[in-house]
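Q: Got a file for you: target20.cif, mmCIF, C-alpha atoms.
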```cif
data_model
#
loop_
_atom_site.label_atom_id
_atom_site.label_comp_id
_atom_site.auth_asym_id
_atom_site.auth_seq_id
_atom_site.Cartn_x
_atom_site.Cartn_y
_atom_site.Cartn_z
CA MET A 1 48.90 151.12 101.11
CA SER A 2 51.95 150.38 99.03
CA PHE A 3 54.18 149.48 101.98
CA THR A 4 51.81 146.85 103.20
CA ASN A 5 52.43 145.16 99.91
CA GLU A 6 54.89 142.28 100.35
CA GLN A 7 56.71 143.39 97.24
CA ASN A 8 57.62 146.70 98.89
CA VAL A 9 58.19 145.75 102.53
CA GLY A 10 61.69 144.44 101.88
CA PHE A 11 62.83 147.62 100.20
CA ALA A 12 61.38 149.85 102.89
CA SER A 13 62.79 147.85 105.79
CA GLY A 14 66.13 147.32 104.08
CA VAL A 15 66.73 151.06 103.85
CA SER A 16 65.33 152.27 107.14
CA SER A 17 66.98 149.70 109.40
CA GLY A 18 70.36 150.11 107.84
CA VAL A 19 70.58 146.36 107.24
CA SER A 20 72.72 145.62 104.23
CA SER A 21 70.43 142.90 102.89
CA ALA A 22 69.10 142.69 99.36
CA PRO A 23 65.91 144.74 98.99
CA ASP A 24 62.88 143.08 97.51
CA MET A 25 63.62 144.75 94.22
CA SER A 26 62.06 143.58 91.00
CA ILE A 27 63.68 140.69 89.19
CA ALA A 28 61.43 141.17 86.17
CA GLU A 29 63.15 140.81 82.82
CA PRO A 30 62.09 142.71 79.69
CA LYS A 31 60.50 139.46 78.47
CA ASP A 32 58.14 139.58 81.48
CA TYR A 33 56.94 143.05 80.47
CA PHE A 34 56.62 141.82 76.90
CA ALA A 35 54.49 138.91 78.18
CA LEU A 36 52.14 141.47 79.80
CA LEU A 37 51.31 142.64 76.27
CA LYS A 38 49.91 139.20 75.33
CA PRO A 39 52.15 138.91 72.26
CA ARG A 40 50.11 136.17 70.58
CA VAL A 41 46.95 138.28 70.75
CA MET A 42 49.01 141.27 69.64
CA SER A 43 50.27 139.42 66.55
CA LEU A 44 46.68 138.65 65.52
CA VAL A 45 45.77 142.30 66.10
CA VAL A 46 48.65 143.47 63.90
CA PHE A 47 47.68 141.04 61.17
CA THR A 48 43.98 141.93 61.11
CA ALA A 49 44.82 145.64 61.36
CA LEU A 50 47.18 145.32 58.40
CA ALA A 51 44.36 143.75 56.38
CA GLY A 52 42.06 146.65 57.29
CA MET A 53 44.74 149.21 56.43
CA LEU A 54 45.43 147.64 53.04
CA MET A 55 41.71 147.65 52.17
CA ALA A 56 41.77 151.44 52.23
CA PRO A 57 41.37 152.84 48.71
CA ASN A 58 44.15 155.40 49.17
CA PRO A 59 47.61 154.00 49.88
CA ILE A 60 49.13 155.08 53.17
CA HIS A 61 52.83 155.98 53.31
CA PRO A 62 54.76 152.90 54.55
CA VAL A 63 56.39 154.82 57.42
CA ILE A 64 53.05 156.25 58.58
CA GLY A 65 51.45 152.82 58.12
CA PHE A 66 54.18 151.18 60.20
CA ALA A 67 53.86 153.78 62.96
CA ALA A 68 50.07 153.38 62.97
CA LEU A 69 50.30 149.57 63.17
CA LEU A 70 52.84 149.88 65.98
CA ALA A 71 50.52 152.21 67.91
CA ILE A 72 47.57 149.84 67.40
CA ALA A 73 49.70 146.86 68.51
CA VAL A 74 50.95 148.70 71.60
CA GLY A 75 47.39 149.80 72.38
CA ALA A 76 46.24 146.17 72.17
CA GLY A 77 49.18 145.14 74.35
CA ALA A 78 48.34 147.86 76.85
CA SER A 79 44.83 146.51 77.25
CA GLY A 80 46.39 143.07 77.83
CA ALA A 81 48.54 144.51 80.64
CA LEU A 82 45.47 146.17 82.18
CA ASN A 83 43.64 142.84 81.90
CA MET A 84 46.49 141.08 83.74
CA TRP A 85 46.40 143.75 86.44
CA TYR A 86 42.68 143.36 87.09
CA ASP A 87 42.51 139.59 86.60
CA ALA A 88 45.56 138.68 88.71
CA ASP A 89 43.33 136.82 91.18
CA ILE A 90 41.65 134.79 88.43
CA ASP A 91 44.90 134.12 86.58
CA ALA A 92 46.51 132.74 89.75
CA VAL A 93 44.00 129.89 90.08
CA MET A 94 43.85 128.92 86.41
CA ALA A 95 46.50 126.50 85.15
CA ARG A 96 46.54 128.17 81.73
CA THR A 97 47.38 131.59 83.16
CA SER A 98 49.12 130.87 86.48
CA LEU A 99 52.59 131.40 84.97
CA ARG A 100 51.79 134.92 83.74
CA PRO A 101 54.12 137.61 85.15
CA VAL A 102 51.70 138.95 87.79
CA PRO A 103 50.45 135.70 89.36
CA SER A 104 53.95 134.24 89.27
CA GLY A 105 55.20 137.28 91.25
CA ARG A 106 57.75 138.59 88.75
CA ILE A 107 55.74 141.80 88.24
CA THR A 108 53.37 143.35 90.77
CA ALA A 109 49.77 144.10 89.82
CA LYS A 110 50.46 147.82 90.35
CA GLU A 111 53.41 147.72 87.97
CA SER A 112 51.18 146.04 85.42
CA LEU A 113 48.57 148.79 85.90
CA GLY A 114 51.17 151.54 85.48
CA PHE A 115 52.69 149.84 82.45
CA GLY A 116 49.26 149.35 80.84
CA MET A 117 48.09 152.91 81.52
CA THR A 118 51.33 154.44 80.22
CA LEU A 119 51.20 152.43 77.01
CA SER A 120 47.47 153.12 76.59
CA VAL A 121 47.90 156.87 76.75
CA GLY A 122 51.09 156.79 74.69
CA SER A 123 49.69 154.62 71.91
CA VAL A 124 46.53 156.74 71.56
CA ILE A 125 48.52 160.00 71.48
CA VAL A 126 50.99 158.64 68.93
CA LEU A 127 48.22 157.29 66.69
CA GLY A 128 46.40 160.62 66.89
CA LEU A 129 49.50 162.62 66.02
CA VAL A 130 50.69 160.27 63.27
CA THR A 131 47.31 159.67 61.59
CA ASN A 132 44.05 161.29 62.74
CA LEU A 133 41.76 161.80 65.72
CA LEU A 134 39.12 159.30 64.55
CA ALA A 135 41.67 156.45 64.58
CA ALA A 136 43.00 157.59 67.96
CA GLY A 137 39.47 157.78 69.36
CA LEU A 138 38.64 154.31 68.07
CA LEU A 139 41.85 152.91 69.58
CA ALA A 140 41.05 154.57 72.92
CA PHE A 141 37.55 153.10 72.80
CA THR A 142 38.97 149.64 71.98
CA ILE A 143 41.30 149.76 74.99
CA PHE A 144 38.44 151.00 77.19
CA PHE A 145 36.11 148.30 75.87
CA TYR A 146 38.58 145.49 76.56
CA ALA A 147 39.89 146.73 79.90
CA VAL A 148 36.69 148.10 81.43
CA ILE A 149 33.64 146.70 79.63
CA TYR A 150 35.02 143.18 79.11
CA THR A 151 37.62 142.65 81.86
CA MET A 152 36.04 144.55 84.73
CA TRP A 153 32.38 144.04 83.94
CA LEU A 154 31.33 141.33 81.49
CA LYS A 155 33.93 138.65 82.21
CA ARG A 156 32.81 137.97 85.79
CA TRP A 157 29.14 138.74 85.23
CA THR A 158 27.65 136.96 82.23
CA PRO A 159 28.25 133.85 80.10
CA GLN A 160 27.88 136.19 77.11
CA ASN A 161 31.17 137.81 78.21
CA ILE A 162 33.21 136.79 75.20
CA VAL A 163 30.33 137.41 72.76
CA ILE A 164 30.08 141.11 73.64
CA GLY A 165 33.72 141.40 74.68
CA GLY A 166 34.73 139.97 71.32
CA ALA A 167 34.08 143.41 69.87
CA ALA A 168 37.37 144.58 71.40
CA GLY A 169 39.30 142.04 69.36
CA ALA A 170 37.30 142.90 66.24
CA PHE A 171 38.07 146.64 66.26
CA PRO A 172 41.70 146.65 64.97
CA PRO A 173 40.82 146.48 61.22
CA VAL A 174 38.38 149.37 61.72
CA VAL A 175 40.99 151.40 63.61
CA ALA A 176 43.61 150.70 60.93
CA TYR A 177 41.20 151.60 58.10
CA ALA A 178 40.37 154.83 59.91
CA ALA A 179 44.10 155.51 60.34
CA ALA A 180 44.56 155.21 56.58
CA THR A 181 41.45 157.09 55.45
CA GLY A 182 40.07 159.13 58.33
CA SER A 183 36.74 157.34 57.97
CA VAL A 184 34.95 154.05 58.57
CA SER A 185 33.68 152.02 55.61
CA LEU A 186 31.36 149.08 55.07
CA SER A 187 34.34 146.88 54.16
CA SER A 188 36.05 147.55 57.50
CA ILE A 189 32.77 146.89 59.32
CA VAL A 190 32.50 143.53 57.51
CA LEU A 191 36.01 142.64 58.75
CA PHE A 192 34.87 143.66 62.23
CA GLY A 193 31.86 141.35 61.83
CA ILE A 194 33.97 138.37 60.75
CA ILE A 195 36.17 138.58 63.86
CA PHE A 196 33.16 139.34 66.07
CA ILE A 197 31.22 136.25 64.93
CA TRP A 198 34.39 134.12 64.91
CA THR A 199 35.19 134.85 68.56
CA PRO A 200 32.42 132.82 70.32
CA PRO A 201 33.04 129.45 68.60
CA HIS A 202 36.79 130.00 68.96
CA PHE A 203 36.73 130.70 72.70
CA TRP A 204 33.92 128.35 73.62
CA ALA A 205 35.82 125.46 72.03
CA LEU A 206 38.64 126.22 74.49
CA ALA A 207 36.18 126.85 77.34
CA LEU A 208 34.69 123.36 76.84
CA VAL A 209 38.10 121.85 77.58
CA LYS A 210 39.10 124.31 80.31
CA SER A 211 35.71 124.50 82.05
CA GLY A 212 37.26 123.16 85.29
CA ASP A 213 39.77 126.00 85.27
CA TYR A 214 37.09 128.61 84.67
CA GLY A 215 34.88 127.01 87.33
CA ARG A 216 37.66 127.22 89.96
CA ALA A 217 38.25 130.86 89.05
CA GLY A 218 34.52 131.66 89.22
CA VAL A 219 34.39 132.94 85.65
CA PRO A 220 30.87 132.32 84.25
CA MET A 221 31.84 130.86 80.90
CA LEU A 222 29.03 129.32 78.89
CA PRO A 223 29.97 125.64 79.58
CA ASN A 224 30.00 126.35 83.34
CA VAL A 225 26.69 128.22 83.37
CA LYS A 226 24.59 126.60 80.64
CA GLY A 227 26.43 123.29 80.34
CA PRO A 228 28.47 121.63 77.57
CA ALA A 229 25.43 120.64 75.47
CA ARG A 230 24.17 124.21 75.13
CA THR A 231 27.72 125.39 74.43
CA ARG A 232 28.21 122.86 71.64
CA LEU A 233 24.89 123.94 70.09
CA GLU A 234 25.83 127.62 70.25
CA ILE A 235 29.25 126.87 68.74
CA LEU A 236 27.47 125.22 65.82
CA LEU A 237 24.96 128.07 65.42
CA TYR A 238 27.66 130.76 65.45
CA THR A 239 29.71 128.74 62.93
CA LEU A 240 26.65 128.47 60.67
CA VAL A 241 26.46 132.27 60.67
CA LEU A 242 30.23 132.71 60.40
CA VAL A 243 30.76 130.67 57.23
CA PRO A 244 28.53 132.76 54.91
CA PHE A 245 29.54 135.96 56.69
CA GLY A 246 33.19 135.13 56.07
CA MET A 247 32.44 135.12 52.34
CA LEU A 248 30.92 138.61 52.36
CA PRO A 249 34.13 140.39 51.27
CA TRP A 250 33.98 138.41 48.03
CA LEU A 251 30.18 138.63 47.67
CA MET A 252 30.27 142.40 48.22
CA GLY A 253 33.05 142.83 45.69
CA PHE A 254 35.98 144.00 47.78
CA ALA A 255 37.85 140.68 47.67
CA SER A 256 38.66 138.39 44.76
CA VAL A 257 37.25 135.00 43.84
CA VAL A 258 40.41 133.50 45.36
CA TYR A 259 39.32 134.92 48.71
CA GLY A 260 35.83 133.52 48.11
CA GLY A 261 37.29 130.08 47.43
CA VAL A 262 39.53 130.13 50.51
CA ALA A 263 36.67 131.40 52.68
CA ALA A 264 34.37 128.65 51.36
CA LEU A 265 36.89 125.82 51.79
CA THR A 266 38.14 126.82 55.23
CA GLY A 267 34.57 127.69 56.23
CA LEU A 268 33.47 124.16 55.35
CA GLY A 269 36.37 122.90 57.47
CA MET A 270 35.15 125.04 60.39
CA LEU A 271 31.62 123.77 59.91
CA ALA A 272 32.72 120.12 59.76
CA LEU A 273 34.68 120.50 63.00
CA ALA A 274 31.82 122.39 64.68
CA ILE A 275 29.41 119.58 63.72
CA ARG A 276 31.93 117.10 65.12
CA VAL A 277 32.09 119.02 68.40
CA TYR A 278 28.27 119.15 68.48
CA ARG A 279 28.07 115.38 68.10
CA HIS A 280 30.67 114.67 70.78
CA ASP A 281 28.36 114.56 73.76
CA GLU A 282 30.28 114.15 77.01
CA ALA A 283 27.32 112.31 78.49
CA VAL A 284 27.75 109.37 76.15
CA MET A 285 31.32 109.71 74.85
CA ASP A 286 34.81 109.66 76.27
CA LYS A 287 35.79 113.08 77.69
CA LYS A 288 39.21 112.89 76.04
CA MET A 289 37.63 112.41 72.61
CA CYS A 290 35.30 115.36 73.23
CA ASP A 291 38.23 117.51 74.33
CA ARG A 292 40.23 116.49 71.27
CA ALA A 293 37.37 117.49 68.95
CA ALA A 294 37.01 120.85 70.74
CA MET A 295 40.74 121.58 70.60
CA GLN A 296 40.83 120.70 66.90
CA LEU A 297 38.10 123.27 66.32
CA PHE A 298 39.97 125.78 68.50
CA PHE A 299 43.20 125.46 66.52
CA PHE A 300 41.48 125.27 63.14
CA SER A 301 39.53 128.44 63.93
CA ILE A 302 42.87 130.27 64.28
CA LEU A 303 43.95 128.88 60.93
CA TYR A 304 40.59 129.91 59.42
CA LEU A 305 40.88 133.53 60.50
CA PHE A 306 44.55 133.64 59.53
CA ALA A 307 43.76 132.26 56.05
CA LEU A 308 40.99 134.79 55.40
CA PHE A 309 43.05 137.79 56.44
CA ALA A 310 46.21 136.44 54.78
CA VAL A 311 44.41 136.38 51.42
CA LEU A 312 43.17 139.94 51.99
CA VAL A 313 46.68 141.10 52.93
CA VAL A 314 48.28 139.46 49.91
CA GLU A 315 45.74 140.52 47.29
CA ASN A 316 45.54 144.11 48.56
CA GLY A 317 49.15 144.48 49.65
CA LEU A 318 51.12 142.80 46.90
CA PRO A 319 50.04 145.15 44.07
CA ARG A 320 50.91 148.14 46.29
CA VAL A 321 54.33 146.76 47.16
CA LEU A 322 55.04 146.07 43.47
CA SER A 323 53.88 149.52 42.36
CA TYR A 324 55.84 151.19 45.19
CA PHE A 325 59.09 149.59 44.02
CA ALA A 326 58.23 150.16 40.35
CA HIS A 327 58.27 153.96 40.88
CA MET B 1 74.83 157.78 104.32
CA THR B 2 77.17 155.13 105.69
CA ASP B 3 78.04 151.91 103.91
CA SER B 4 75.81 149.99 106.30
CA ASN B 5 72.81 151.96 104.98
CA ARG B 6 73.49 150.96 101.39
CA VAL B 7 71.50 148.11 99.98
CA THR B 8 73.24 145.29 98.21
CA LEU B 9 71.49 143.77 95.26
CA THR B 10 71.69 140.09 94.50
CA PRO B 11 73.32 139.03 91.22
CA GLU B 12 69.85 138.18 89.88
CA GLN B 13 68.52 141.65 90.74
CA LEU B 14 71.57 143.30 89.17
CA ARG B 15 71.22 141.20 86.02
CA SER B 16 67.50 141.90 85.63
CA ARG B 17 67.97 145.62 86.30
CA ARG B 18 70.71 145.78 83.67
CA SER B 19 68.54 143.98 81.12
CA ARG B 20 65.61 146.32 81.89
CA ASN B 21 67.85 149.36 81.44
CA ILE B 22 69.13 148.07 78.10
CA ALA B 23 65.56 147.38 76.95
CA ILE B 24 64.40 150.89 77.95
CA GLY B 25 67.39 152.38 76.12
CA LEU B 26 66.65 150.40 72.97
CA VAL B 27 62.95 151.30 73.02
CA CYS B 28 63.77 155.00 73.51
CA GLY B 29 66.25 154.87 70.63
CA LEU B 30 63.76 153.17 68.33
CA LEU B 31 61.07 155.71 69.26
CA VAL B 32 63.44 158.59 68.44
CA ALA B 33 64.18 156.98 65.04
CA LEU B 34 60.47 156.40 64.40
CA PHE B 35 59.43 159.94 65.35
CA TYR B 36 62.24 161.33 63.20
CA ALA B 37 61.13 159.25 60.20
CA VAL B 38 57.45 160.18 60.71
CA THR B 39 58.39 163.87 60.98
CA ILE B 40 60.35 163.76 57.73
CA VAL B 41 57.46 162.00 55.96
CA LYS B 42 54.92 164.47 57.36
CA LEU B 43 57.01 167.46 56.30
CA GLY B 44 57.15 166.02 52.79
CA PRO B 45 59.92 165.53 50.26
CA GLY B 46 60.58 169.29 50.07
CA ILE B 47 62.50 169.14 53.35
CA LEU B 48 65.18 167.08 51.63
CA ARG B 49 65.50 169.59 48.74
CA PRO B 50 65.74 173.04 50.32
CA PRO B 51 65.52 175.96 47.89
CA MET B 52 68.83 177.44 46.72
#
```
Starting from the file, lay out its structure as structure tokens.
A:
Amino acid sequence: MSFTNEQNVGFASGVSSGVSSAPDMSIAEPKDYFALLKPRVMSLVVFTALAGMLMAPNPIHPVIGFAALLAIAVGAGASGALNMWYDADIDAVMARTSLRPVPSGRITAKESLGFGMTLSVGSVIVLGLVTNLLAAGLLAFTIFFYAVIYTMWLKRWTPQNIVIGGAAGAFPPVVAYAAATGSVSLSSIVLFGIIFIWTPPHFWALALVKSGDYGRAGVPMLPNVKGPARTRLEILLYTLVLVPFGMLPWLMGFASVVYGGVAALTGLGMLALAIRVYRHDEAVMDKKMCDRAAMQLFFFSILYLFALFAVLVVENGLPRVLSYFAH
Amino acid sequence: MTDSNRVTLTPEQLRSRRSRNIAIGLVCGLLVALFYAVTIVKLGPGILRPPM
């Protein structure tokens, strides 16, 4: 098994034959292992989790809060490592992912699996010991959902992969709220909903541009299965739902009018770009212009989510920071 | 084991192994500090003011 693996043959033969050649030992740097954690996704997870944690009515001790956020971030990173283990074959044929540590050969798929499993178990145990079992259970479910339900099942099976799989990315605020309170509230579920509804237009905008990549890899993304026209329509429909949903924290009274204003303004920006993408039909327009419109929506959607959660972090976190230092 | 049975690592392998070892050491140290801080917080402020 393992010694048929090219990565291990050199080491085995180097020792047994007595030849003083360099074994095929890993040349992976710490940055390669860090890349397995998908740091950009992890930073979004930390940010949304922080927003969920700060929405809790009872303030959490900063040290406990930091440890909980670290455990959630590591748990998210662990699921990224498990994803890179399972998807090594797909990643190798996609330009966007071909330089990841596993397809580029710096880390073996098995090492990625071991790294991901170790961090998964460790992060869940630490979160359970530092906060409570509900938060630990939710984190374990999030890792399971991303690694098994999304990566192993949905991704290669249905064009609705990122719709359902988006739940994994939406869980962190719920986990963080549970870590702070030991319960799940309507406000944390609303934050879950915002990320959940945001995910399809965000990823489909990218999928429109990278449909060739996904096609080569055999991943049934919506543009490859239903075509660009249907994808553009669904992007618009999801955005139409997202904009009012994004304002719910203000409408339901757990965010200020400032949040409502930011959500409305950036939501209108999202909607304008989604309409633009909808109108850029590849059948009658230049592909580069269509791609540009889609990428603008992709990048603006990141800004949109960041703006919403940044307002929540500031308006819930700043008073706590000030009162903490006032005592 | 004779010298001929010993493997010789390339400079790149030695460098990457050293950087991995340093990273593992740093992470272990940070975890010790974190667990210590969490333990003190969980025990409460009384641990810092033991009764006379």
Q: Please determine the contact residues of chain B with respect to chain A at a cut-off of 8 Å, counting all atoms listed in the file, and supply them as a PyMOL selection string.
A: chain B and resi 4-10+12-13+16-17+19-20+23+34+37-38+41
Q: Expand the PyMOL selection byres ((chain A and resi 302-312) around 9) into the explicit residue set it covers here, and present it as number ranges by chain.
A: A: 44, 47-48, 50-52, 54-55, 191, 194-195, 198, 202, 246, 255-256, 258-259, 262-263, 266-267, 269-270, 297-301, 313-317
Q: Selected by the PyMOL selection byres ((chain A and resi 188) around 7) in the shown coordinates: which residues, as a list in words?
A: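 Expected selection for the PyMOL selection byres ((chain A and resi 188) around 7) here is Gly52, Pro173, Val174, Tyr177, Val184, Ser185, Leu186, Ser187, Ile189, Val190, Leu191 and Phe192 of chain A.
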Q: Once the PyMOL selection byres ((chain A and resi 128) around 12) has been applied to the shown file, what residues remain in the selection, as a PyMOL selection string?
A: chain A and resi 64+67-68+71-72+121-127+129-140+175-176+178-180+182
Q: What is the CA of Asp286 in chain A to CA of Leu273 in chain A distance in Å?
A: 17.1 Å
Q: Can you patch up range 29-44 of chain A, filling it in to N, CA and C atoms, and show the result as a PDB file, in the coordinates of the input?
A:
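After the write, result-v3.pdb holds the following:
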```pdb
ATOM      1  N   GLU A  29      62.355 140.614  84.037  1.00  0.00           N
ATOM      2  CA  GLU A  29      63.150 140.810  82.820  1.00  0.00           C
ATOM      3  C   GLU A  29      62.280 141.527  81.785  1.00  0.00           C
ATOM      4  N   PRO A  30      62.896 142.099  80.757  1.00  0.00           N
ATOM      5  CA  PRO A  30      62.090 142.710  79.690  1.00  0.00           C
ATOM      6  C   PRO A  30      61.066 141.734  79.096  1.00  0.00           C
ATOM      7  N   LYS A  31      61.437 140.442  79.046  1.00  0.00           N
ATOM      8  CA  LYS A  31      60.500 139.460  78.470  1.00  0.00           C
ATOM      9  C   LYS A  31      59.221 139.342  79.308  1.00  0.00           C
ATOM     10  N   ASP A  32      59.328 139.614  80.626  1.00  0.00           N
ATOM     11  CA  ASP A  32      58.140 139.580  81.480  1.00  0.00           C
ATOM     12  C   ASP A  32      57.190 140.733  81.123  1.00  0.00           C
ATOM     13  N   TYR A  33      57.773 141.905  80.881  1.00  0.00           N
ATOM     14  CA  TYR A  33      56.940 143.050  80.470  1.00  0.00           C
ATOM     15  C   TYR A  33      56.342 142.804  79.088  1.00  0.00           C
ATOM     16  N   PHE A  34      57.141 142.150  78.228  1.00  0.00           N
ATOM     17  CA  PHE A  34      56.620 141.820  76.900  1.00  0.00           C
ATOM     18  C   PHE A  34      55.453 140.835  77.026  1.00  0.00           C
ATOM     19  N   ALA A  35      55.572 139.888  77.976  1.00  0.00           N
ATOM     20  CA  ALA A  35      54.490 138.910  78.180  1.00  0.00           C
ATOM     21  C   ALA A  35      53.210 139.596  78.643  1.00  0.00           C
ATOM     22  N   LEU A  36      53.328 140.727  79.359  1.00  0.00           N
ATOM     23  CA  LEU A  36      52.140 141.470  79.800  1.00  0.00           C
ATOM     24  C   LEU A  36      51.312 141.951  78.606  1.00  0.00           C
ATOM     25  N   LEU A  37      51.993 142.116  77.457  1.00  0.00           N
ATOM     26  CA  LEU A  37      51.310 142.640  76.270  1.00  0.00           C
ATOM     27  C   LEU A  37      50.530 141.563  75.524  1.00  0.00           C
ATOM     28  N   LYS A  38      50.565 140.329  76.013  1.00  0.00           N
ATOM     29  CA  LYS A  38      49.910 139.200  75.330  1.00  0.00           C
ATOM     30  C   LYS A  38      50.339 139.146  73.866  1.00  0.00           C
ATOM     31  N   PRO A  39      51.611 138.816  73.626  1.00  0.00           N
ATOM     32  CA  PRO A  39      52.150 138.910  72.260  1.00  0.00           C
ATOM     33  C   PRO A  39      51.401 138.110  71.208  1.00  0.00           C
ATOM     34  N   ARG A  40      50.830 136.961  71.596  1.00  0.00           N
ATOM     35  CA  ARG A  40      50.110 136.170  70.580  1.00  0.00           C
ATOM     36  C   ARG A  40      48.833 136.881  70.136  1.00  0.00           C
ATOM     37  N   VAL A  41      48.137 137.489  71.105  1.00  0.00           N
ATOM     38  CA  VAL A  41      46.950 138.280  70.750  1.00  0.00           C
ATOM     39  C   VAL A  41      47.381 139.486  69.914  1.00  0.00           C
ATOM     40  N   MET A  42      48.509 140.084  70.326  1.00  0.00           N
ATOM     41  CA  MET A  42      49.010 141.270  69.640  1.00  0.00           C
ATOM     42  C   MET A  42      49.339 140.954  68.178  1.00  0.00           C
ATOM     43  N   SER A  43      49.916 139.776  67.925  1.00  0.00           N
ATOM     44  CA  SER A  43      50.270 139.420  66.550  1.00  0.00           C
ATOM     45  C   SER A  43      49.012 139.288  65.684  1.00  0.00           C
ATOM     46  N   LEU A  44      47.942 138.749  66.263  1.00  0.00           N
ATOM     47  CA  LEU A  44      46.680 138.650  65.520  1.00  0.00           C
ATOM     48  C   LEU A  44      46.104 140.040  65.263  1.00  0.00           C
TER      49      LEU A  44
END
```
